[in-house]
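Text of the file target.txt, holding compact mmCIF, C-alpha atoms:
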```
# COMPACT_ATOMS: atom_id res chain seq x y z
CA MET A 1 78.29 112.80 14.16
CA VAL A 2 75.12 112.99 16.26
CA PRO A 3 73.10 110.31 14.42
CA VAL A 4 76.18 108.08 14.30
CA LEU A 5 76.65 108.43 18.05
CA VAL A 6 72.98 107.67 18.67
CA GLY A 7 73.51 104.44 16.75
CA ARG A 8 76.57 103.57 18.82
CA ALA A 9 75.21 104.52 22.25
CA GLN A 10 74.16 100.99 23.17
CA GLN A 11 77.52 99.64 21.99
CA ALA A 12 79.29 102.14 24.24
CA GLU A 13 77.16 101.10 27.20
CA GLN A 14 77.75 97.39 26.66
CA ALA A 15 81.51 97.81 26.21
CA ARG A 16 81.62 100.33 29.09
CA MET A 17 83.83 102.54 26.94
CA VAL A 18 83.37 104.83 23.95
CA PRO A 19 84.08 102.93 20.72
CA VAL A 20 87.54 103.45 19.27
CA GLU A 21 85.88 104.51 16.01
CA SER A 22 84.17 107.45 17.72
CA VAL A 23 87.41 108.68 19.26
CA ARG A 24 89.19 108.34 15.92
CA GLU A 25 86.45 110.32 14.17
CA MET A 26 86.66 113.10 16.79
CA GLU A 27 90.42 113.16 16.24
CA GLU A 28 90.04 113.31 12.46
CA ALA A 29 87.53 116.15 12.81
CA GLY A 30 90.12 118.12 14.80
CA PHE A 31 88.02 118.32 17.96
CA PHE A 32 90.91 117.55 20.33
CA ARG A 33 92.89 120.42 18.80
CA VAL A 34 90.34 123.13 19.64
CA LEU A 35 92.11 124.16 22.88
CA GLN A 36 95.53 122.73 22.01
CA PRO A 37 98.50 125.12 21.61
CA LYS A 38 99.33 126.12 18.04
CA LEU A 39 102.93 125.19 18.79
CA TYR A 40 101.73 121.57 18.70
CA GLY A 41 99.24 121.79 15.85
CA GLY A 42 96.32 123.10 17.87
CA TYR A 43 93.78 125.78 17.00
CA GLU A 44 93.71 127.84 20.23
CA MET A 45 90.02 128.58 19.72
CA ASP A 46 87.77 130.26 22.27
CA PRO A 47 86.29 128.06 25.02
CA GLN A 48 82.78 128.67 23.65
CA VAL A 49 83.68 126.59 20.57
CA PHE A 50 84.89 123.75 22.76
CA TYR A 51 81.71 123.68 24.85
CA ASP A 52 79.51 123.90 21.76
CA ILE A 53 81.17 120.70 20.53
CA VAL A 54 80.64 119.01 23.91
CA MET A 55 76.95 119.94 23.94
CA THR A 56 76.38 118.86 20.36
CA LEU A 57 78.08 115.48 20.80
CA ALA A 58 75.96 114.88 23.91
CA GLU A 59 72.79 115.08 21.84
CA GLY A 60 73.91 111.79 20.34
CA CYS A 61 75.80 110.13 23.22
CA MET A 62 76.51 111.82 26.51
CA SER A 63 79.31 109.37 27.37
CA THR A 64 81.14 110.37 24.19
CA ALA A 65 80.65 114.05 24.95
CA TRP A 66 81.81 113.53 28.52
CA ILE A 67 85.15 111.96 27.60
CA TYR A 68 85.65 114.57 24.89
CA GLY A 69 85.10 117.33 27.44
CA VAL A 70 87.50 115.78 29.93
CA ILE A 71 90.24 114.72 27.52
CA GLY A 72 89.90 117.82 25.36
CA VAL A 73 90.35 120.22 28.25
CA HIS A 74 93.66 118.56 29.15
CA ASN A 75 95.15 119.91 25.91
CA TRP A 76 94.43 123.32 27.40
CA GLN A 77 95.77 122.59 30.89
CA ILE A 78 99.11 121.26 29.72
CA ALA A 79 99.88 124.75 28.40
CA LEU A 80 99.90 125.88 32.04
CA PHE A 81 102.76 123.49 32.90
CA ASP A 82 106.44 124.04 32.32
CA PRO A 83 106.77 123.83 28.49
CA LYS A 84 108.97 120.74 28.86
CA ALA A 85 105.85 118.80 29.89
CA ALA A 86 104.06 119.45 26.58
CA ALA A 87 107.27 118.52 24.76
CA ASP A 88 107.31 115.17 26.57
CA VAL A 89 103.72 114.40 25.55
CA TRP A 90 103.69 115.64 21.95
CA LYS A 91 107.33 115.34 20.85
CA ASP A 92 106.54 112.45 18.47
CA ASP A 93 102.78 112.70 17.91
CA THR A 94 100.57 115.75 18.49
CA ASN A 95 97.48 113.51 18.60
CA VAL A 96 98.56 111.90 21.89
CA ARG A 97 95.79 112.24 24.50
CA ILE A 98 95.87 112.79 28.27
CA ALA A 99 93.42 111.31 30.80
CA SER A 100 92.96 112.50 34.38
CA THR A 101 91.61 112.06 37.84
CA TYR A 102 92.18 115.09 40.01
CA MET A 103 91.33 113.60 43.39
CA PRO A 104 94.07 114.58 45.87
CA LYS A 105 94.87 110.92 46.49
CA GLY A 106 98.56 110.87 45.59
CA GLN A 107 101.13 110.07 48.24
CA VAL A 108 103.96 112.49 47.49
CA LYS A 109 107.57 112.36 48.72
CA PRO A 110 109.88 115.18 47.59
CA VAL A 111 113.22 113.98 46.24
CA GLU A 112 115.99 115.60 44.24
CA GLY A 113 114.58 116.89 40.95
CA GLY A 114 110.98 115.96 41.67
CA PHE A 115 108.84 113.53 43.65
CA ARG A 116 108.25 109.87 44.39
CA PHE A 117 104.59 109.31 43.71
CA SER A 118 102.06 106.57 44.57
CA GLY A 119 98.33 106.14 45.02
CA ARG A 120 94.99 104.93 43.74
CA TRP A 121 92.39 107.17 42.11
CA GLY A 122 88.88 106.62 40.77
CA PHE A 123 86.88 108.05 37.89
CA SER A 124 89.45 108.40 35.08
CA SER A 125 87.09 109.02 32.17
CA GLY A 126 88.27 107.80 28.77
CA CYS A 127 91.56 106.51 30.17
CA ASP A 128 91.60 103.57 27.73
CA HIS A 129 92.06 106.06 24.90
CA CYS A 130 95.00 107.93 26.46
CA ASP A 131 98.77 107.54 26.78
CA TRP A 132 99.37 110.06 29.58
CA ILE A 133 97.46 111.09 32.68
CA PHE A 134 96.99 113.99 35.11
CA LEU A 135 96.73 112.88 38.75
CA GLY A 136 96.04 114.92 41.87
CA GLY A 137 98.21 114.96 44.96
CA LEU A 138 98.98 117.05 48.03
CA ILE A 139 102.40 118.22 49.21
CA PHE A 140 102.64 118.80 52.95
CA ASN A 141 105.06 121.43 54.19
CA GLU A 142 105.42 122.01 57.91
CA GLY A 143 103.52 125.03 59.16
CA GLN A 144 101.79 125.63 55.80
CA PRO A 145 98.47 124.55 54.26
CA PRO A 146 98.68 121.50 51.97
CA GLU A 147 99.73 122.39 48.43
CA TYR A 148 97.60 120.83 45.69
CA ARG A 149 99.35 119.85 42.46
CA THR A 150 98.51 118.00 39.27
CA PHE A 151 101.12 115.38 38.36
CA LEU A 152 101.67 114.28 34.74
CA LEU A 153 102.62 110.62 34.17
CA PRO A 154 103.14 108.44 31.07
CA LYS A 155 101.19 105.23 30.55
CA SER A 156 104.20 103.14 31.58
CA ASP A 157 103.89 104.58 35.11
CA PHE A 158 100.26 103.70 35.85
CA GLU A 159 97.86 100.76 35.77
CA ILE A 160 94.19 100.87 34.79
CA VAL A 161 91.88 98.80 37.02
CA ASP A 162 88.41 98.11 35.64
CA THR A 163 85.90 99.05 38.33
CA TRP A 164 83.41 100.79 36.07
CA HIS A 165 80.03 99.12 36.72
CA VAL A 166 77.60 102.01 37.07
CA MET A 167 74.03 103.16 36.37
CA GLY A 168 74.82 106.08 34.06
CA LEU A 169 77.61 107.40 31.86
CA LYS A 170 78.45 103.74 31.35
CA GLY A 171 80.37 104.39 28.16
CA THR A 172 82.87 106.77 29.76
CA GLY A 173 84.98 103.88 31.09
CA SER A 174 85.93 105.98 34.11
CA LYS A 175 88.13 103.33 35.68
CA ASP A 176 90.55 103.35 38.61
CA ILE A 177 94.21 104.30 38.26
CA VAL A 178 97.02 102.78 40.35
CA VAL A 179 100.54 104.17 40.63
CA LYS A 180 103.29 102.40 42.57
CA ASP A 181 106.26 104.50 43.63
CA VAL A 182 107.29 106.24 40.41
CA PHE A 183 109.42 109.33 39.90
CA VAL A 184 107.73 112.48 38.58
CA PRO A 185 110.07 115.36 37.70
CA GLU A 186 109.24 118.78 39.10
CA TYR A 187 108.50 120.22 35.65
CA ARG A 188 105.72 117.65 35.14
CA THR A 189 103.70 119.09 38.02
CA HIS A 190 101.34 122.05 38.12
CA LYS A 191 100.42 123.97 41.26
CA GLY A 192 96.75 124.59 41.84
CA MET A 193 97.55 128.04 43.19
CA ASP A 194 99.25 128.95 39.91
CA GLY A 195 96.05 128.04 38.10
CA PHE A 196 94.11 130.30 40.46
CA MET A 197 96.50 133.26 40.32
CA GLY A 198 97.47 133.01 36.64
CA THR A 199 101.15 132.53 37.48
CA ASN A 200 101.55 129.35 35.45
CA PRO A 201 105.05 128.25 34.35
CA GLY A 202 103.92 127.98 30.71
CA ARG A 203 102.63 131.55 30.44
CA HIS A 204 105.75 132.88 28.70
CA THR A 205 105.69 130.15 26.01
CA PHE A 206 101.96 129.62 25.50
CA THR A 207 100.96 133.25 25.31
CA ALA A 208 97.51 133.05 23.69
CA ASP A 209 94.73 134.80 25.62
CA LEU A 210 93.05 131.42 26.01
CA TYR A 211 95.70 130.27 28.51
CA LYS A 212 95.22 133.29 30.76
CA LEU A 213 91.85 132.03 31.97
CA PRO A 214 91.59 130.48 35.46
CA PHE A 215 91.78 126.70 35.50
CA GLY A 216 88.69 126.47 37.70
CA GLN A 217 86.52 128.33 35.21
CA ILE A 218 87.56 126.13 32.29
CA PHE A 219 87.52 122.67 33.87
CA VAL A 220 84.18 122.81 35.66
CA ARG A 221 82.34 123.57 32.44
CA ALA A 222 84.06 120.56 30.82
CA VAL A 223 82.18 118.26 33.24
CA SER A 224 78.82 120.05 33.25
CA SER A 225 78.21 121.09 29.64
CA ALA A 226 77.55 117.55 28.41
CA ALA A 227 74.40 117.55 30.57
CA ILE A 228 73.00 120.48 28.57
CA GLY A 229 73.47 118.54 25.34
CA GLY A 230 72.12 115.42 27.02
CA LEU A 231 68.96 117.29 27.97
CA GLN A 232 68.64 118.47 24.36
CA GLY A 233 68.97 114.84 23.24
CA ALA A 234 66.27 113.83 25.70
CA LEU A 235 64.03 116.64 24.45
CA ASN A 236 64.60 115.64 20.81
CA THR A 237 63.67 112.05 21.67
CA PHE A 238 60.61 113.14 23.62
CA VAL A 239 59.30 115.45 20.89
CA ASP A 240 59.59 112.73 18.23
CA PHE A 241 57.80 110.31 20.55
CA ALA A 242 55.09 112.62 21.88
CA LYS A 243 54.00 113.97 18.48
CA VAL A 244 52.64 110.55 17.45
CA ARG A 245 52.13 108.62 20.67
CA VAL A 246 48.66 107.49 21.72
CA GLY A 247 48.57 105.90 25.17
CA ASP A 248 46.84 102.66 26.10
CA MET A 249 43.91 104.66 27.47
CA GLY A 250 43.52 106.47 24.15
CA ASN A 251 45.12 109.74 25.25
CA LYS A 252 47.39 111.59 22.83
CA THR A 253 50.61 112.61 24.59
CA ALA A 254 50.85 115.81 22.54
CA GLU A 255 47.56 116.97 24.05
CA GLN A 256 48.56 116.38 27.67
CA PRO A 257 49.40 119.55 29.68
CA PRO A 258 52.30 117.87 31.59
CA ALA A 259 53.91 116.86 28.29
CA GLN A 260 53.47 120.30 26.81
CA LEU A 261 54.95 122.01 29.87
CA ALA A 262 57.82 119.55 30.15
CA ALA A 263 58.84 120.22 26.54
CA ALA A 264 58.52 124.00 26.84
CA GLU A 265 60.36 124.24 30.15
CA ALA A 266 63.22 122.00 28.97
CA ALA A 267 63.67 124.04 25.77
CA VAL A 268 63.76 127.32 27.67
CA ALA A 269 66.18 125.95 30.29
CA ILE A 270 68.57 124.72 27.59
CA ASP A 271 68.52 128.13 25.94
CA GLU A 272 69.15 129.92 29.25
CA MET A 273 72.04 127.64 30.26
CA LYS A 274 73.74 128.03 26.88
CA LEU A 275 73.33 131.80 27.00
CA VAL A 276 74.87 132.00 30.48
CA LEU A 277 77.79 129.76 29.52
CA ARG A 278 78.60 131.84 26.45
CA ARG A 279 78.06 135.15 28.24
CA ASN A 280 80.41 134.17 31.07
CA PHE A 281 83.25 133.30 28.72
CA ASP A 282 82.56 136.37 26.60
CA VAL A 283 83.12 138.38 29.79
CA LEU A 284 86.29 136.52 30.81
CA MET A 285 87.83 136.52 27.33
CA GLY A 286 86.86 140.17 26.91
CA LYS A 287 88.77 141.10 30.07
CA VAL A 288 91.81 139.11 29.00
CA ARG A 289 91.87 140.71 25.55
CA ALA A 290 91.54 144.15 27.09
CA GLY A 291 94.49 143.45 29.38
CA GLU A 292 92.30 143.67 32.47
CA PRO A 293 93.09 141.50 35.51
CA LEU A 294 90.75 138.65 36.43
CA ASP A 295 90.77 139.73 40.06
CA ASP A 296 87.01 140.11 40.57
CA ILE A 297 86.64 137.18 42.96
CA ALA A 298 82.91 137.75 43.46
CA GLN A 299 82.37 137.48 39.71
CA ARG A 300 84.45 134.31 39.47
CA VAL A 301 82.53 132.76 42.37
CA HIS A 302 79.27 133.80 40.68
CA PHE A 303 80.30 132.09 37.43
CA ARG A 304 81.47 129.03 39.37
CA TYR A 305 78.12 128.67 41.10
CA GLN A 306 76.28 128.92 37.79
CA ALA A 307 78.42 126.10 36.35
CA SER A 308 77.64 123.89 39.35
CA GLN A 309 73.87 124.37 38.93
CA VAL A 310 73.78 123.05 35.37
CA VAL A 311 73.54 119.30 35.98
CA GLU A 312 70.93 119.55 38.72
CA ARG A 313 68.76 121.76 36.50
CA CYS A 314 69.16 119.32 33.61
CA ALA A 315 68.26 116.39 35.86
CA ARG A 316 65.04 118.07 36.94
CA HIS A 317 63.93 118.73 33.37
CA ALA A 318 64.99 115.29 32.12
CA TYR A 319 62.86 113.73 34.86
CA GLN A 320 59.84 115.82 33.80
CA LEU A 321 60.26 114.60 30.22
CA PHE A 322 60.62 111.02 31.41
CA SER A 323 57.48 111.33 33.57
CA ALA A 324 55.49 112.58 30.59
CA CYS A 325 56.35 109.43 28.60
CA GLY A 326 54.12 107.22 30.72
CA GLY A 327 54.81 103.51 30.90
CA ARG A 328 56.67 103.46 27.58
CA GLY A 329 59.56 105.34 29.18
CA ILE A 330 60.70 102.46 31.39
CA PHE A 331 61.51 100.01 28.59
CA THR A 332 65.20 99.51 27.92
CA ASP A 333 64.80 100.04 24.18
CA PHE A 334 63.40 103.54 24.75
CA PRO A 335 66.37 105.91 24.41
CA LEU A 336 65.21 108.73 26.67
CA HIS A 337 66.09 106.91 29.88
CA ARG A 338 69.75 106.74 28.79
CA TYR A 339 69.94 110.53 28.74
CA LEU A 340 68.18 110.64 32.11
CA LEU A 341 70.57 108.22 33.80
CA ASP A 342 73.63 109.83 32.20
CA ILE A 343 72.61 113.23 33.54
CA TYR A 344 71.95 111.76 36.98
CA ALA A 345 75.40 110.17 36.92
CA ALA A 346 77.00 113.50 36.00
CA ARG A 347 75.49 114.99 39.16
CA GLY A 348 77.83 112.76 41.18
CA HIS A 349 80.91 114.70 40.07
CA TYR A 350 82.38 116.88 42.80
CA ALA A 351 82.33 119.94 40.55
CA ASN A 352 78.58 119.55 39.94
CA ASN A 353 77.47 119.91 43.56
CA PRO A 354 75.75 123.31 43.71
CA ASP A 355 75.29 123.34 47.49
CA GLN A 356 78.90 123.94 48.50
CA PHE A 357 79.58 126.45 45.76
CA GLY A 358 76.32 128.26 46.43
CA ARG A 359 77.17 128.58 50.12
CA ASN A 360 80.57 130.00 49.25
CA TYR A 361 79.02 132.51 46.83
CA GLY A 362 76.44 133.57 49.40
CA ALA A 363 79.15 133.97 52.03
CA VAL A 364 81.21 136.18 49.70
CA MET A 365 78.14 138.29 49.00
CA LEU A 366 77.67 138.70 52.76
CA GLY A 367 81.21 139.93 53.32
CA ARG A 368 82.95 136.69 54.20
CA ASP A 369 86.22 135.54 52.62
CA ASN A 370 86.18 133.27 49.58
CA THR A 371 87.15 129.72 50.60
CA ASP A 372 87.51 128.19 47.14
CA VAL A 373 90.60 128.50 44.91
CA PHE A 374 89.02 126.29 42.24
CA ILE A 375 87.33 129.26 40.59
```
So, in terms of structure tokens, how does the structure I just supplied come out?
Amino acid sequence: MVPVLVGRAQQAEQARMVPVESVREMEEAGFFRVLQPKLYGGYEMDPQVFYDIVMTLAEGCMSTAWIYGVIGVHNWQIALFDPKAAADVWKDDTNVRIASTYMPKGQVKPVEGGFRFSGRWGFSSGCDHCDWIFLGGLIFNEGQPPEYRTFLLPKSDFEIVDTWHVMGLKGTGSKDIVVKDVFVPEYRTHKGMDGFMGTNPGRHTFTADLYKLPFGQIFVRAVSSAAIGGLQGALNTFVDFAKVRVGDMGNKTAEQPPAQLAAAEAAVAIDEMKLVLRRNFDVLMGKVRAGEPLDDIAQRVHFRYQASQVVERCARHAYQLFSACGGRGIFTDFPLHRYLLDIYAARGHYANNPDQFGRNYGAVMLGRDNTDVFI
């Protein structure tokens, strides 16, 4: 699919959404089933397979990889809910897709059997291709910290508002979502603390080892791994360009030390980031399969910090490649700048801010309490 996605990248940017054909081809290839429960036709494969697909797709179009990462991981998260939630979504069609925006923006009022729910959220990637959505909200109980939950709603309960005019990841169509006083039953909510502790309501039905992983470890890699593939796409573009390019001053790019270093450093960084990603999930899945608890908070914080560093590292190397292109790199028909801007846009995601997660990791190392349950 990579060369096909390269050919459609400009179309995705202009439409500000991934083409329907690309989503259909991902569906036909079975990509959305990688993390989906077998009970609903899924494959229940290891997370490493899922992230390999994200990274490979991003070599062609990072927007396509981004919405695949976000939408695809929802087929994993729904297995954490009460099993009735998955039945609601997939009772008639196991290809039905779920969008999301996890910002804690929902106004929540407890009522009998569930909640009245309203709010407006931003950044719902790929929402035009989905019939259900996960939305974040806080429940306030007197004398207790706010309780974060994910709320699951059908398309009939929300409105998409097109606000997506951005400098990068243009094709993700990450539009706003508006909900006006709808009812959400209790079973279509998921507590953030259950995702942290592994006490999810779906654990007795969806028993595969895959669903015993912490939500924080799975989701954050879904919104950072596309940058690794995007950097590989930028490197591929740069290598093809630099091998033959002769600048206006007669200099061959392939002979320039900055170009040589930029290519070498990007290739090594990609290799390192892929190795760390796979190693971390080898460790987590190995513990689960051995029946060991995932109670090493320092390790989970360590892995979380590594995930948050990915996009900033990719941005630095993509900029070095761009700089080595000279004046040719600024023209809109030169594809490398698309990867650059897409990676920069990915840095804006809350999960890809290494500063806050690095401070928490350092504090834990120095004997302070962990302050993050999204690990």
Under the rule of at most 12 Å, produce a per-residue listing of range 166-197 of chain A near range 94-107 of chain A: chain, number, name, the closest pair of atoms, and the distance in Å, as JSON lines, using all atoms listed in the file.
```
{"residue": "A:Thr172", "atom": "CA", "partner": "A:Ala99", "partner_atom": "CA", "distance": 11.5}
{"residue": "A:Gly173", "atom": "CA", "partner": "A:Ala99", "partner_atom": "CA", "distance": 11.2}
{"residue": "A:Ser174", "atom": "CA", "partner": "A:Thr101", "partner_atom": "CA", "distance": 9.1}
{"residue": "A:Lys175", "atom": "CA", "partner": "A:Thr101", "partner_atom": "CA", "distance": 9.6}
{"residue": "A:Asp176", "atom": "CA", "partner": "A:Thr101", "partner_atom": "CA", "distance": 8.8}
{"residue": "A:Ile177", "atom": "CA", "partner": "A:Thr101", "partner_atom": "CA", "distance": 8.2}
{"residue": "A:Val178", "atom": "CA", "partner": "A:Gly106", "partner_atom": "CA", "distance": 9.8}
{"residue": "A:Val179", "atom": "CA", "partner": "A:Gly106", "partner_atom": "CA", "distance": 8.6}
{"residue": "A:Lys180", "atom": "CA", "partner": "A:Gln107", "partner_atom": "CA", "distance": 9.8}
{"residue": "A:Asp181", "atom": "CA", "partner": "A:Gln107", "partner_atom": "CA", "distance": 8.9}
{"residue": "A:Val182", "atom": "CA", "partner": "A:Gln107", "partner_atom": "CA", "distance": 10.7}
{"residue": "A:Phe183", "atom": "CA", "partner": "A:Gln107", "partner_atom": "CA", "distance": 11.8}
{"residue": "A:Val184", "atom": "CA", "partner": "A:Gly106", "partner_atom": "CA", "distance": 11.7}
{"residue": "A:His190", "atom": "CA", "partner": "A:Tyr102", "partner_atom": "CA", "distance": 11.7}
{"residue": "A:Gly192", "atom": "CA", "partner": "A:Tyr102", "partner_atom": "CA", "distance": 10.7}
```
Mind dumping the selected residues with C-alpha atoms as a short mmCIF file (atom, residue, chain, number, x, y, z; two decimals), in the coordinates of the input?
```cif
data_model
loop_
_atom_site.label_atom_id
_atom_site.label_comp_id
_atom_site.auth_asym_id
_atom_site.auth_seq_id
_atom_site.Cartn_x
_atom_site.Cartn_y
_atom_site.Cartn_z
CA THR A 172 82.87 106.77 29.76
CA GLY A 173 84.98 103.88 31.09
CA SER A 174 85.93 105.98 34.11
CA LYS A 175 88.13 103.33 35.68
CA ASP A 176 90.55 103.35 38.61
CA ILE A 177 94.21 104.30 38.26
CA VAL A 178 97.02 102.78 40.35
CA VAL A 179 100.54 104.17 40.63
CA LYS A 180 103.29 102.40 42.57
CA ASP A 181 106.26 104.50 43.63
CA VAL A 182 107.29 106.24 40.41
CA PHE A 183 109.42 109.33 39.90
CA VAL A 184 107.73 112.48 38.58
CA HIS A 190 101.34 122.05 38.12
CA GLY A 192 96.75 124.59 41.84
#
```
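With distances taken over all atoms listed in the file, A:Gly136 is the one residue among A:Gly60, A:Gly136, A:Gly362, A:Pro335 lying closest to Thr150 in chain A.
The spacing separating CA of Tyr43 in chain A from CA of Leu169 in chain A amounts to 28.6 Å.
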Using only C-alpha atoms, which residue out of A:Met26, A:Val223, A:Ala85, A:Val246 lies closest to Thr189 in chain A?
-> A:Ala85
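Taking CA of Ala324 in chain A and CA of Pro257 in chain A as endpoints, the distance between them is 9.3 Å.
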Shell of 8 Å around Val301 in chain A, only C-alpha atoms, local chain residues under 5 positions omitted, as a ChimeraX atom specification | /A:357,360-361,375
Option closest in space to Val34 in chain A, from A:Leu210, A:Cys61, A:Ala12, A:Val4 [counting all atoms listed in the file] | A:Leu210
A:Gly114, A:Gly72, A:Pro293, A:Gly202 ranked by distance to Glu186 in chain A, top pick (using only C-alpha atoms) | A:Gly114
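Compared by their closest atoms to Phe334 in chain A, and using only C-alpha atoms, the residues A:Tyr148, A:Val288, A:Thr237, A:Asp88 rank with A:Thr237 nearest.
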Might you pull out every residue within 8 Å of Ile139 in chain A, with only C-alpha atoms counted and same-chain residues fewer than 2 positions away left off, and present them as a list in words?
-> Val108, Lys109, Gly137, Asn141, Pro146, Glu147, Tyr148 and Arg149 of chain A
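Considering only C-alpha atoms, the residue among A:Pro110, A:Gly42, A:Gly327, A:Pro83 positioned nearest to Glu27 in chain A is A:Gly42.
CA of Ser63 in chain A sits 5.2 Å away from CA of Gly171 in chain A.
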Per-residue nearest contacts range 199-227 of chain A to range 310-316 of chain A, cut-off 10 Å, using all atoms listed in the file, as a Markdown table:
```
| residue | atom | partner | partner_atom | distance |
| --- | --- | --- | --- | --- |
| A:Arg221 | CA | A:Val310 | CA | 9.1 |
| A:Val223 | CA | A:Val311 | CA | 9.1 |
| A:Ser224 | CA | A:Val311 | CA | 6.0 |
| A:Ser225 | CA | A:Val310 | CA | 7.5 |
| A:Ala226 | CA | A:Val311 | CA | 8.7 |
| A:Ala227 | CA | A:Val311 | CA | 5.8 |
```
Residues from last step as file, C-alpha atoms, as a PDB file, in the coordinates of the input:
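The result, stored in result16.pdb:
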```pdb
ATOM      1  CA  ARG A 221      82.340 123.570  32.440  1.00  0.00           C
ATOM      2  CA  VAL A 223      82.180 118.260  33.240  1.00  0.00           C
ATOM      3  CA  SER A 224      78.820 120.050  33.250  1.00  0.00           C
ATOM      4  CA  SER A 225      78.210 121.090  29.640  1.00  0.00           C
ATOM      5  CA  ALA A 226      77.550 117.550  28.410  1.00  0.00           C
ATOM      6  CA  ALA A 227      74.400 117.550  30.570  1.00  0.00           C
TER       7      ALA A 227
END
```
With 5 Å on each side, where is the centre of the axis-aligned box around all listed atoms of range 109-128 of chain A, and how long are its edges in Å to one decimal, as AutoDock Vina command-line options?
```
--center_x 101.4 --center_y 110.2 --center_z 38.2 --size_x 39.1 --size_y 23.3 --size_z 31.0
```
Neighbours of Ala259 in chain A within 8 Å (only C-alpha atoms; same-chain residues fewer than 6 positions away dropped), as a PyMOL selection string?
-> chain A and resi 242+253+321+324-325
For Gly358 in chain A, list every protein, DNA or RNA residue within 12 Å, evaluated using only C-alpha atoms, and leave out those in the same chain fewer than 3 positions away; present the list as a PyMOL selection string.
-> chain A and resi 298+301-309+351-355+361-365+370-372
Range 256-331 of chain A near range 46-54 of chain A within 10 Å: what's each residue's closest atom pair and its distance in Å to one decimal, counting only C-alpha atoms, ordered by chain then ascending residue number, as CSV?
```
residue,atom,partner,partner_atom,distance
A:Lys274,CA,A:Asp52,CA,8.8
A:Leu277,CA,A:Gln48,CA,7.8
A:Arg278,CA,A:Gln48,CA,5.9
A:Arg279,CA,A:Gln48,CA,9.2
A:Asn280,CA,A:Gln48,CA,9.5
A:Phe281,CA,A:Gln48,CA,6.9
A:Asp282,CA,A:Gln48,CA,8.2
A:Met285,CA,A:Asp46,CA,8.0
```
Between range 11-42 of chain A and range 158-168 of chain A, at 12 Å or less, what are the per-residue closest atom pairs and their distances in Å? Count all atoms listed in the file, order by chain and rising residue number, and return it as a Markdown table.
```
| residue | atom | partner | partner_atom | distance |
| --- | --- | --- | --- | --- |
| A:Ala12 | CA | A:Gly168 | CA | 11.5 |
| A:Glu13 | CA | A:Gly168 | CA | 8.8 |
| A:Gln14 | CA | A:His165 | CA | 10.5 |
| A:Ala15 | CA | A:Trp164 | CA | 10.5 |
| A:Arg16 | CA | A:Trp164 | CA | 7.2 |
| A:Met17 | CA | A:Trp164 | CA | 9.3 |
```
